[in-house]
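Q: Coordinates in work-v5.txt, compact mmCIF, N, CA and C atoms, are listed below.
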```txt
# COMPACT_ATOMS: atom_id res chain seq x y z
N MET A 1 93.29 74.05 68.37
CA MET A 1 92.60 74.03 69.65
C MET A 1 91.53 75.10 69.62
N PRO A 2 90.27 74.74 69.80
CA PRO A 2 89.21 75.75 69.80
C PRO A 2 89.41 76.75 70.92
N GLN A 3 89.19 78.03 70.63
CA GLN A 3 89.43 79.07 71.62
C GLN A 3 88.58 78.88 72.87
N GLU A 4 87.31 78.52 72.69
CA GLU A 4 86.44 78.37 73.85
C GLU A 4 86.89 77.23 74.76
N ASP A 5 87.69 76.34 74.26
CA ASP A 5 88.17 75.22 75.04
C ASP A 5 89.45 75.56 75.82
N PHE A 6 90.11 76.64 75.45
CA PHE A 6 91.39 76.97 76.07
C PHE A 6 91.27 77.17 77.56
N TYR A 7 90.33 77.98 78.00
CA TYR A 7 90.22 78.29 79.42
C TYR A 7 89.94 77.03 80.24
N THR A 8 89.08 76.18 79.74
CA THR A 8 88.77 74.93 80.44
C THR A 8 90.02 74.06 80.57
N GLN A 9 90.75 73.92 79.47
CA GLN A 9 91.97 73.13 79.52
C GLN A 9 93.01 73.76 80.45
N MET A 10 93.14 75.07 80.37
CA MET A 10 94.12 75.75 81.22
C MET A 10 93.80 75.52 82.69
N ARG A 11 92.54 75.67 83.07
CA ARG A 11 92.17 75.46 84.47
C ARG A 11 92.46 74.02 84.90
N ALA A 12 92.18 73.08 84.02
CA ALA A 12 92.45 71.68 84.36
C ALA A 12 93.95 71.40 84.46
N GLY A 13 94.77 72.15 83.75
CA GLY A 13 96.21 71.92 83.76
C GLY A 13 96.95 72.56 84.92
N LEU A 14 96.31 73.45 85.67
CA LEU A 14 96.99 74.12 86.78
C LEU A 14 97.49 73.12 87.82
N SER A 15 96.67 72.14 88.13
CA SER A 15 97.09 71.14 89.13
C SER A 15 98.27 70.31 88.62
N ALA A 16 98.32 70.06 87.32
CA ALA A 16 99.43 69.30 86.74
C ALA A 16 100.75 70.04 86.91
N LEU A 17 100.72 71.36 86.79
CA LEU A 17 101.94 72.16 87.02
C LEU A 17 102.45 71.94 88.44
N LEU A 18 101.53 71.95 89.39
CA LEU A 18 101.92 71.77 90.78
C LEU A 18 102.41 70.34 91.04
N ARG A 19 101.81 69.36 90.38
CA ARG A 19 102.30 67.97 90.51
C ARG A 19 103.72 67.86 89.98
N GLN A 20 103.99 68.52 88.85
CA GLN A 20 105.33 68.45 88.29
C GLN A 20 106.34 69.13 89.23
N TRP A 21 105.96 70.25 89.81
CA TRP A 21 106.83 70.93 90.77
C TRP A 21 107.12 70.01 91.96
N GLN A 22 106.09 69.32 92.46
CA GLN A 22 106.28 68.41 93.58
C GLN A 22 107.17 67.22 93.19
N ALA A 23 106.98 66.72 91.99
CA ALA A 23 107.74 65.54 91.55
C ALA A 23 109.21 65.87 91.35
N LEU A 24 109.51 67.07 90.86
CA LEU A 24 110.89 67.42 90.55
C LEU A 24 111.60 68.19 91.67
N GLY A 25 110.82 68.77 92.57
CA GLY A 25 111.41 69.50 93.68
C GLY A 25 112.18 68.57 94.60
N GLN A 26 113.29 69.03 95.10
CA GLN A 26 114.14 68.17 95.92
C GLN A 26 114.00 68.52 97.39
N ALA A 27 112.77 68.39 97.89
CA ALA A 27 112.49 68.67 99.29
C ALA A 27 111.18 67.99 99.66
N ASP A 28 110.86 68.00 100.96
CA ASP A 28 109.58 67.41 101.35
C ASP A 28 108.45 68.39 101.02
N ALA A 29 107.23 67.92 101.14
CA ALA A 29 106.07 68.70 100.70
C ALA A 29 105.96 70.04 101.42
N ASP A 30 106.22 70.07 102.72
CA ASP A 30 106.14 71.34 103.45
C ASP A 30 107.19 72.33 102.96
N GLN A 31 108.39 71.85 102.71
CA GLN A 31 109.45 72.73 102.21
C GLN A 31 109.13 73.24 100.80
N LEU A 32 108.58 72.36 99.95
CA LEU A 32 108.22 72.79 98.60
C LEU A 32 107.12 73.86 98.63
N ALA A 33 106.17 73.70 99.54
CA ALA A 33 105.11 74.71 99.68
C ALA A 33 105.70 76.04 100.15
N LEU A 34 106.63 75.98 101.08
CA LEU A 34 107.30 77.19 101.57
C LEU A 34 108.10 77.85 100.45
N ILE A 35 108.86 77.07 99.69
CA ILE A 35 109.64 77.61 98.57
C ILE A 35 108.71 78.28 97.56
N LEU A 36 107.60 77.64 97.26
CA LEU A 36 106.64 78.19 96.30
C LEU A 36 106.11 79.54 96.80
N ALA A 37 105.68 79.61 98.05
CA ALA A 37 105.11 80.84 98.58
C ALA A 37 106.15 81.96 98.69
N GLU A 38 107.33 81.63 99.18
CA GLU A 38 108.37 82.65 99.33
C GLU A 38 108.85 83.15 97.97
N THR A 39 108.96 82.26 97.00
CA THR A 39 109.36 82.68 95.66
C THR A 39 108.30 83.58 95.05
N ALA A 40 107.03 83.25 95.26
CA ALA A 40 105.95 84.10 94.74
C ALA A 40 106.08 85.52 95.29
N ARG A 41 106.39 85.61 96.56
CA ARG A 41 106.52 86.94 97.19
C ARG A 41 107.73 87.69 96.66
N VAL A 42 108.88 87.02 96.63
CA VAL A 42 110.13 87.67 96.22
C VAL A 42 110.10 88.04 94.74
N ALA A 43 109.59 87.14 93.89
CA ALA A 43 109.56 87.37 92.44
C ALA A 43 108.35 88.20 92.02
N LYS A 44 107.53 88.57 92.99
CA LYS A 44 106.33 89.38 92.74
C LYS A 44 105.37 88.71 91.76
N LEU A 45 105.14 87.42 92.01
CA LEU A 45 104.21 86.64 91.19
C LEU A 45 102.87 86.46 91.90
N GLY A 46 102.76 87.04 93.06
CA GLY A 46 101.54 86.95 93.84
C GLY A 46 101.85 87.17 95.30
N GLU A 47 100.81 87.39 96.06
CA GLU A 47 100.96 87.60 97.50
C GLU A 47 100.11 86.58 98.23
N PRO A 48 100.69 85.43 98.53
CA PRO A 48 99.92 84.43 99.30
C PRO A 48 99.47 85.02 100.63
N ASP A 49 98.20 84.79 100.97
CA ASP A 49 97.68 85.25 102.26
C ASP A 49 98.46 84.62 103.40
N ALA A 50 98.75 83.34 103.23
CA ALA A 50 99.52 82.59 104.22
C ALA A 50 100.36 81.57 103.46
N THR A 51 101.39 81.10 104.09
CA THR A 51 102.22 80.07 103.47
C THR A 51 101.50 78.74 103.61
N PRO A 52 101.22 78.07 102.51
CA PRO A 52 100.52 76.79 102.60
C PRO A 52 101.44 75.71 103.17
N ASP A 53 100.83 74.67 103.68
CA ASP A 53 101.63 73.53 104.12
C ASP A 53 101.64 72.48 103.02
N GLY A 54 102.37 71.42 103.24
CA GLY A 54 102.49 70.37 102.23
C GLY A 54 101.17 69.71 101.88
N ALA A 55 100.30 69.58 102.86
CA ALA A 55 98.99 68.96 102.61
C ALA A 55 98.15 69.84 101.67
N THR A 56 98.24 71.14 101.85
CA THR A 56 97.51 72.05 100.97
C THR A 56 98.06 71.98 99.55
N LEU A 57 99.37 71.98 99.43
CA LEU A 57 99.99 71.86 98.11
C LEU A 57 99.58 70.54 97.45
N ALA A 58 99.57 69.46 98.21
CA ALA A 58 99.14 68.16 97.67
C ALA A 58 97.68 68.22 97.23
N HIS A 59 96.85 68.88 97.99
CA HIS A 59 95.43 69.02 97.62
C HIS A 59 95.30 69.79 96.31
N TRP A 60 96.01 70.92 96.21
CA TRP A 60 95.94 71.72 94.99
C TRP A 60 96.41 70.92 93.78
N SER A 61 97.37 70.04 93.97
CA SER A 61 97.91 69.29 92.84
C SER A 61 97.00 68.14 92.41
N GLN A 62 95.94 67.89 93.15
CA GLN A 62 95.02 66.80 92.81
C GLN A 62 93.66 67.28 92.31
N ILE A 63 93.27 68.50 92.65
CA ILE A 63 91.94 68.95 92.24
C ILE A 63 91.96 69.37 90.78
N GLN A 64 90.86 69.18 90.11
CA GLN A 64 90.82 69.45 88.67
C GLN A 64 90.44 70.89 88.33
N THR A 65 89.43 71.42 88.96
CA THR A 65 89.01 72.78 88.61
C THR A 65 88.70 73.60 89.84
N GLY A 66 89.25 73.25 90.95
CA GLY A 66 88.95 73.93 92.20
C GLY A 66 89.64 75.27 92.33
N ASP A 67 89.67 75.74 93.51
CA ASP A 67 90.21 77.07 93.80
C ASP A 67 91.69 77.02 94.11
N ILE A 68 92.47 76.88 93.08
CA ILE A 68 93.92 76.96 93.23
C ILE A 68 94.30 78.43 93.06
N PRO A 69 94.94 79.03 94.05
CA PRO A 69 95.34 80.43 93.87
C PRO A 69 96.35 80.55 92.73
N LEU A 70 96.14 81.49 91.86
CA LEU A 70 96.94 81.60 90.64
C LEU A 70 98.43 81.82 90.92
N TRP A 71 98.77 82.40 92.05
CA TRP A 71 100.18 82.60 92.36
C TRP A 71 100.94 81.27 92.40
N ALA A 72 100.28 80.20 92.81
CA ALA A 72 100.96 78.91 92.97
C ALA A 72 101.42 78.33 91.61
N PRO A 73 100.54 78.16 90.63
CA PRO A 73 101.03 77.65 89.34
C PRO A 73 101.92 78.65 88.60
N ARG A 74 101.65 79.94 88.76
CA ARG A 74 102.54 80.94 88.14
C ARG A 74 103.96 80.77 88.68
N THR A 75 104.07 80.58 89.97
CA THR A 75 105.38 80.41 90.58
C THR A 75 105.99 79.06 90.20
N ALA A 76 105.17 78.04 90.09
CA ALA A 76 105.67 76.73 89.66
C ALA A 76 106.29 76.84 88.27
N VAL A 77 105.64 77.55 87.35
CA VAL A 77 106.20 77.75 86.01
C VAL A 77 107.52 78.50 86.10
N PHE A 78 107.56 79.55 86.91
CA PHE A 78 108.79 80.32 87.10
C PHE A 78 109.93 79.41 87.55
N LEU A 79 109.65 78.54 88.52
CA LEU A 79 110.68 77.66 89.05
C LEU A 79 111.02 76.51 88.09
N LEU A 80 110.02 75.93 87.46
CA LEU A 80 110.26 74.83 86.51
C LEU A 80 111.11 75.30 85.34
N ASN A 81 110.90 76.53 84.89
CA ASN A 81 111.68 77.06 83.76
C ASN A 81 113.16 77.18 84.09
N GLN A 82 113.50 77.22 85.35
CA GLN A 82 114.89 77.39 85.76
C GLN A 82 115.58 76.07 86.10
N MET A 83 114.85 74.98 86.08
CA MET A 83 115.43 73.69 86.48
C MET A 83 116.36 73.14 85.40
N PRO A 84 117.50 72.61 85.82
CA PRO A 84 118.42 72.01 84.86
C PRO A 84 117.81 70.80 84.13
N ALA A 85 116.82 70.16 84.73
CA ALA A 85 116.19 68.99 84.11
C ALA A 85 115.37 69.36 82.88
N LYS A 86 115.10 70.66 82.70
CA LYS A 86 114.33 71.17 81.56
C LYS A 86 112.99 70.45 81.40
N PRO A 87 112.14 70.50 82.43
CA PRO A 87 110.84 69.84 82.33
C PRO A 87 109.97 70.48 81.26
N THR A 88 109.06 69.69 80.74
CA THR A 88 108.10 70.15 79.73
C THR A 88 106.71 69.68 80.14
N PRO A 89 105.67 70.30 79.59
CA PRO A 89 104.31 69.87 79.91
C PRO A 89 104.08 68.41 79.50
N GLN A 90 103.31 67.71 80.29
CA GLN A 90 103.03 66.30 80.04
C GLN A 90 101.67 66.05 79.39
N SER A 91 100.91 67.11 79.15
CA SER A 91 99.59 66.96 78.52
C SER A 91 99.22 68.29 77.86
N ASP A 92 98.18 68.25 77.03
CA ASP A 92 97.70 69.48 76.40
C ASP A 92 97.18 70.47 77.45
N ALA A 93 96.49 69.95 78.46
CA ALA A 93 95.96 70.82 79.51
C ALA A 93 97.09 71.49 80.28
N GLU A 94 98.13 70.73 80.59
CA GLU A 94 99.26 71.32 81.29
C GLU A 94 99.97 72.35 80.41
N ALA A 95 100.07 72.08 79.12
CA ALA A 95 100.68 73.05 78.19
C ALA A 95 99.88 74.35 78.18
N CYS A 96 98.56 74.24 78.20
CA CYS A 96 97.72 75.45 78.25
C CYS A 96 97.97 76.23 79.53
N ALA A 97 98.06 75.53 80.65
CA ALA A 97 98.31 76.20 81.93
C ALA A 97 99.70 76.83 81.94
N TRP A 98 100.67 76.11 81.40
CA TRP A 98 102.04 76.61 81.36
C TRP A 98 102.10 77.90 80.52
N ALA A 99 101.47 77.87 79.34
CA ALA A 99 101.47 79.03 78.45
C ALA A 99 100.75 80.21 79.10
N TYR A 100 99.62 79.95 79.73
CA TYR A 100 98.86 81.00 80.40
C TYR A 100 99.71 81.66 81.48
N CYS A 101 100.36 80.84 82.30
CA CYS A 101 101.20 81.37 83.38
C CYS A 101 102.42 82.11 82.82
N TRP A 102 102.98 81.61 81.72
CA TRP A 102 104.12 82.29 81.08
C TRP A 102 103.73 83.72 80.70
N LEU A 103 102.55 83.87 80.11
CA LEU A 103 102.10 85.20 79.70
C LEU A 103 101.75 86.08 80.90
N ARG A 104 101.26 85.48 81.97
CA ARG A 104 100.92 86.25 83.17
C ARG A 104 102.16 86.66 83.95
N ASN A 105 103.24 85.90 83.82
CA ASN A 105 104.45 86.18 84.60
C ASN A 105 105.27 87.33 84.03
N ARG A 106 105.12 87.59 82.74
CA ARG A 106 105.93 88.62 82.09
C ARG A 106 105.02 89.44 81.17
N SER A 107 105.53 90.56 80.74
CA SER A 107 104.78 91.42 79.83
C SER A 107 105.42 91.32 78.44
N PHE A 108 104.62 90.98 77.46
CA PHE A 108 105.09 90.84 76.08
C PHE A 108 104.29 91.75 75.17
N ASP A 109 104.97 92.34 74.20
CA ASP A 109 104.31 93.22 73.25
C ASP A 109 103.66 92.46 72.10
N SER A 110 104.11 91.22 71.89
CA SER A 110 103.58 90.45 70.78
C SER A 110 103.71 88.95 71.08
N LEU A 111 102.97 88.18 70.31
CA LEU A 111 103.08 86.72 70.43
C LEU A 111 104.49 86.27 70.10
N GLN A 112 105.10 86.87 69.10
CA GLN A 112 106.47 86.50 68.73
C GLN A 112 107.44 86.78 69.87
N ALA A 113 107.26 87.90 70.55
CA ALA A 113 108.13 88.22 71.69
C ALA A 113 107.94 87.18 72.80
N ALA A 114 106.73 86.73 73.01
CA ALA A 114 106.47 85.70 74.02
C ALA A 114 107.13 84.39 73.62
N ARG A 115 107.05 84.04 72.34
CA ARG A 115 107.72 82.82 71.85
C ARG A 115 109.23 82.93 72.01
N ASP A 116 109.77 84.07 71.61
CA ASP A 116 111.21 84.28 71.67
C ASP A 116 111.73 84.22 73.11
N GLY A 117 110.91 84.62 74.06
CA GLY A 117 111.33 84.62 75.46
C GLY A 117 111.35 83.27 76.12
N LEU A 118 110.65 82.30 75.51
CA LEU A 118 110.61 80.95 76.09
C LEU A 118 111.99 80.30 76.09
N PRO A 119 112.27 79.50 77.12
CA PRO A 119 113.47 78.67 77.05
C PRO A 119 113.39 77.78 75.81
N GLU A 120 114.50 77.50 75.20
CA GLU A 120 114.54 76.74 73.94
C GLU A 120 113.77 75.42 74.02
N HIS A 121 113.91 74.71 75.13
CA HIS A 121 113.27 73.38 75.25
C HIS A 121 111.74 73.46 75.35
N LEU A 122 111.20 74.65 75.52
CA LEU A 122 109.74 74.79 75.62
C LEU A 122 109.10 75.35 74.36
N LYS A 123 109.89 75.81 73.42
CA LYS A 123 109.32 76.44 72.22
C LYS A 123 108.41 75.49 71.44
N ALA A 124 108.83 74.29 71.17
CA ALA A 124 107.99 73.34 70.43
C ALA A 124 106.82 72.84 71.28
N PRO A 125 107.05 72.40 72.53
CA PRO A 125 105.92 71.89 73.32
C PRO A 125 104.83 72.91 73.61
N LEU A 126 105.18 74.20 73.62
CA LEU A 126 104.19 75.23 73.94
C LEU A 126 103.69 76.01 72.73
N GLN A 127 104.10 75.63 71.55
CA GLN A 127 103.77 76.40 70.36
C GLN A 127 102.26 76.66 70.21
N ASP A 128 101.46 75.62 70.16
CA ASP A 128 100.01 75.78 69.97
C ASP A 128 99.35 76.40 71.20
N ALA A 129 99.76 75.95 72.38
CA ALA A 129 99.15 76.46 73.61
C ALA A 129 99.46 77.94 73.80
N LEU A 130 100.67 78.36 73.46
CA LEU A 130 101.03 79.76 73.62
C LEU A 130 100.19 80.64 72.69
N GLU A 131 99.96 80.17 71.48
CA GLU A 131 99.12 80.93 70.55
C GLU A 131 97.69 81.05 71.09
N ALA A 132 97.16 79.96 71.63
CA ALA A 132 95.81 79.99 72.20
C ALA A 132 95.77 80.89 73.44
N ALA A 133 96.81 80.84 74.26
CA ALA A 133 96.87 81.69 75.45
C ALA A 133 96.94 83.16 75.05
N TRP A 134 97.71 83.44 74.00
CA TRP A 134 97.82 84.82 73.53
C TRP A 134 96.46 85.33 73.05
N ARG A 135 95.77 84.51 72.25
CA ARG A 135 94.43 84.91 71.77
C ARG A 135 93.49 85.14 72.95
N ASP A 136 93.56 84.26 73.94
CA ASP A 136 92.71 84.40 75.12
C ASP A 136 93.03 85.70 75.85
N GLN A 137 94.29 85.97 76.06
CA GLN A 137 94.71 87.19 76.76
C GLN A 137 94.30 88.43 75.98
N GLN A 138 94.49 88.44 74.68
CA GLN A 138 94.14 89.59 73.86
C GLN A 138 92.63 89.79 73.82
N GLY A 139 91.88 88.72 73.85
CA GLY A 139 90.43 88.82 73.83
C GLY A 139 89.86 89.44 75.09
N LEU A 140 90.63 89.45 76.16
CA LEU A 140 90.16 90.00 77.42
C LEU A 140 90.51 91.47 77.59
N ARG A 141 91.30 92.01 76.68
CA ARG A 141 91.72 93.41 76.80
C ARG A 141 90.66 94.34 76.21
N LEU A 142 90.48 95.45 76.87
CA LEU A 142 89.57 96.48 76.36
C LEU A 142 90.34 97.36 75.40
N VAL A 143 89.69 97.74 74.33
CA VAL A 143 90.34 98.58 73.33
C VAL A 143 90.10 100.03 73.65
```
Could you write out this file's structure as structure tokens?
A:
Amino acid sequence: MPQEDFYTQMRAGLSALLRQWQALGQADADQLALILAETARVAKLGEPDATPDGATLAHWSQIQTGDIPLWAPRTAVFLLNQMPAKPTPQSDAEACAWAYCWLRNRSFDSLQAARDGLPEHLKAPLQDALEAAWRDQQGLRLV
């Protein structure tokens, strides 16, 4: 995966993460939006200005490159990783978004530590995307 393409794919995959959360969540859209926002606050994955409603969550899950607040997909990854159904990314773009959020949700000293921290069912599906996300993250750090 070309490095310059990673960010574009990651941005396009953010909405897919939210669609997967909506599809697998066992509540109505308003409740899922509330769970997402409250989990973000409690798990310290972001500070939503306000709790979105179901319509807002549905909008975020349909837009391709719009203004999705990063706390929402980061929290979706956090919650999806804990589901007994063991969901996995459904596209390369979603894998890029998943890997990006994985790295943003935790602090890792190395790419190997990030790989080792993944749930077992995600190690193969995120292998290439995680490497690209790591390169992207490292490229943004000042030395």
Q: Just want the 6 Å neighbourhood of segment 120-129 of chain A, counted on only N, CA and C atoms, with same-chain residues fewer than 4 positions away dropped. Output as an mmCIF file with N, CA and C atoms, keeping the file's coordinate frame.
A:
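Output below, filename result_13.cif:
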```cif
data_model
loop_
_atom_site.group_PDB
_atom_site.id
_atom_site.type_symbol
_atom_site.label_atom_id
_atom_site.label_comp_id
_atom_site.auth_asym_id
_atom_site.auth_seq_id
_atom_site.Cartn_x
_atom_site.Cartn_y
_atom_site.Cartn_z
ATOM 1 N N ALA A 95 100.070 72.080 79.120
ATOM 2 C CA ALA A 95 100.680 73.050 78.190
ATOM 3 C C ALA A 95 99.880 74.350 78.180
ATOM 4 N N CYS A 96 98.560 74.240 78.200
ATOM 5 C CA CYS A 96 97.720 75.450 78.250
ATOM 6 C C CYS A 96 97.970 76.230 79.530
ATOM 7 N N ALA A 99 101.470 77.870 79.340
ATOM 8 C CA ALA A 99 101.470 79.030 78.450
ATOM 9 C C ALA A 99 100.750 80.210 79.100
ATOM 10 N N ALA A 133 96.810 80.840 74.260
ATOM 11 C CA ALA A 133 96.870 81.690 75.450
ATOM 12 C C ALA A 133 96.940 83.160 75.050
ATOM 13 N N TRP A 134 97.710 83.440 74.000
ATOM 14 C CA TRP A 134 97.820 84.820 73.530
ATOM 15 C C TRP A 134 96.460 85.330 73.050
#
```
Q: What gap, in Å, lies between atom CA of Ile63 of chain A and atom CA of Asp5 of chain A?
A: 18.7 Å
Q: For a quick check of understanding, using only N, CA and C atoms, which of A:Leu111, A:Ala37, A:Ala85, A:Ala27 has the smallest distance to Glu131 of chain A?
A: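 Using only N, CA and C atoms, Glu131 of chain A sits closest to A:Leu111.
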Q: Kindly indicate which residue among A:Asp28, A:Leu118, A:Ala132, A:Glu38 lies nearest to Thr88 of chain A, using only C-alpha atoms for the distances.
A: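 Residue with the minimum atom-to-atom distance to Thr88 of chain A: A:Leu118.
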Q: Would you compute the distance between atom CA of Leu45 of chain A and atom C of Ser91 of chain A? Give it in Å to one decimal.
A: 23.2 Å
Q: Which residue is closest to Trp21 of chain A? Choose from A:Pro48, A:Val77, A:Phe108, A:Pro119 and count only N, CA and C atoms.
A: A:Val77
Q: When distances are computed from all atoms listed in the file, which of A:Ala12, A:Leu34, A:Ala50, A:Leu130 shows the smallest separation from Gly66 of chain A?
A: A:Ala12
Q: Tell me which of A:Thr8, A:Arg115, A:Leu57, A:Pro73 sits closest to Asp30 of chain A, counting all atoms listed in the file.
A: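 Checking each of A:Thr8, A:Arg115, A:Leu57, A:Pro73 against Asp30 of chain A, counting all atoms listed in the file, the winner is A:Leu57.
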Q: Hey, can you check how far atom N of Tyr100 of chain A sits from atom N of Arg135 of chain A?
A: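 Result for atom N of Tyr100 of chain A versus atom N of Arg135 of chain A: 9.6 Å, one decimal.
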Q: With distances taken over only C-alpha atoms, which of A:Asp49, A:Gly139, A:Lys44, A:Gln90 is nearest to Arg106 of chain A?
A: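 Distance minimum relative to Arg106 of chain A lands on A:Lys44.
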Q: Leaving out Gly54 of chain A and any residue of its chain fewer than 4 positions from it, which residues lie within 6 Å of it when counting only N, CA and C atoms, given as a PDB file with N, CA and C atoms, in the frame of the given file?
A:
```pdb
ATOM      1  N   ALA A  29     107.230  67.920 101.140  1.00  0.00           N
ATOM      2  CA  ALA A  29     106.070  68.700 100.700  1.00  0.00           C
ATOM      3  C   ALA A  29     105.960  70.040 101.420  1.00  0.00           C
ATOM      4  N   ASP A  30     106.220  70.070 102.720  1.00  0.00           N
ATOM      5  CA  ASP A  30     106.140  71.340 103.450  1.00  0.00           C
ATOM      6  C   ASP A  30     107.190  72.330 102.960  1.00  0.00           C
ATOM      7  N   ALA A  33     106.170  73.700  99.540  1.00  0.00           N
ATOM      8  CA  ALA A  33     105.110  74.710  99.680  1.00  0.00           C
ATOM      9  C   ALA A  33     105.700  76.040 100.150  1.00  0.00           C
ATOM     10  N   ALA A  58      99.570  69.460  98.210  1.00  0.00           N
ATOM     11  CA  ALA A  58      99.140  68.160  97.670  1.00  0.00           C
ATOM     12  C   ALA A  58      97.680  68.220  97.230  1.00  0.00           C
ATOM     13  N   HIS A  59      96.850  68.880  97.990  1.00  0.00           N
ATOM     14  CA  HIS A  59      95.430  69.020  97.620  1.00  0.00           C
ATOM     15  C   HIS A  59      95.300  69.790  96.310  1.00  0.00           C
TER      16      HIS A  59
END
```
Q: Taking a cut-off of 7 Å and counting only C-alpha atoms, can you build a table that, for each residue of segment 32-105 of chain A near segment 15-19 of chain A, reports the nearest atom pair and how far apart they are in Å (one decimal), sorted by chain then residue number, as a Markdown table?
A:
```
| residue | atom | partner | partner_atom | distance |
| --- | --- | --- | --- | --- |
| A:Trp60 | CA | A:Ser15 | CA | 6.0 |
| A:Ser61 | CA | A:Ser15 | CA | 4.2 |
| A:Gln62 | CA | A:Ser15 | CA | 6.1 |
| A:Ile63 | CA | A:Ser15 | CA | 6.4 |
| A:Gln64 | CA | A:Ser15 | CA | 6.5 |
| A:Pro73 | CA | A:Leu17 | CA | 6.0 |
| A:Ala76 | CA | A:Leu18 | CA | 6.3 |
| A:Glu94 | CA | A:Ala16 | CA | 5.8 |
```
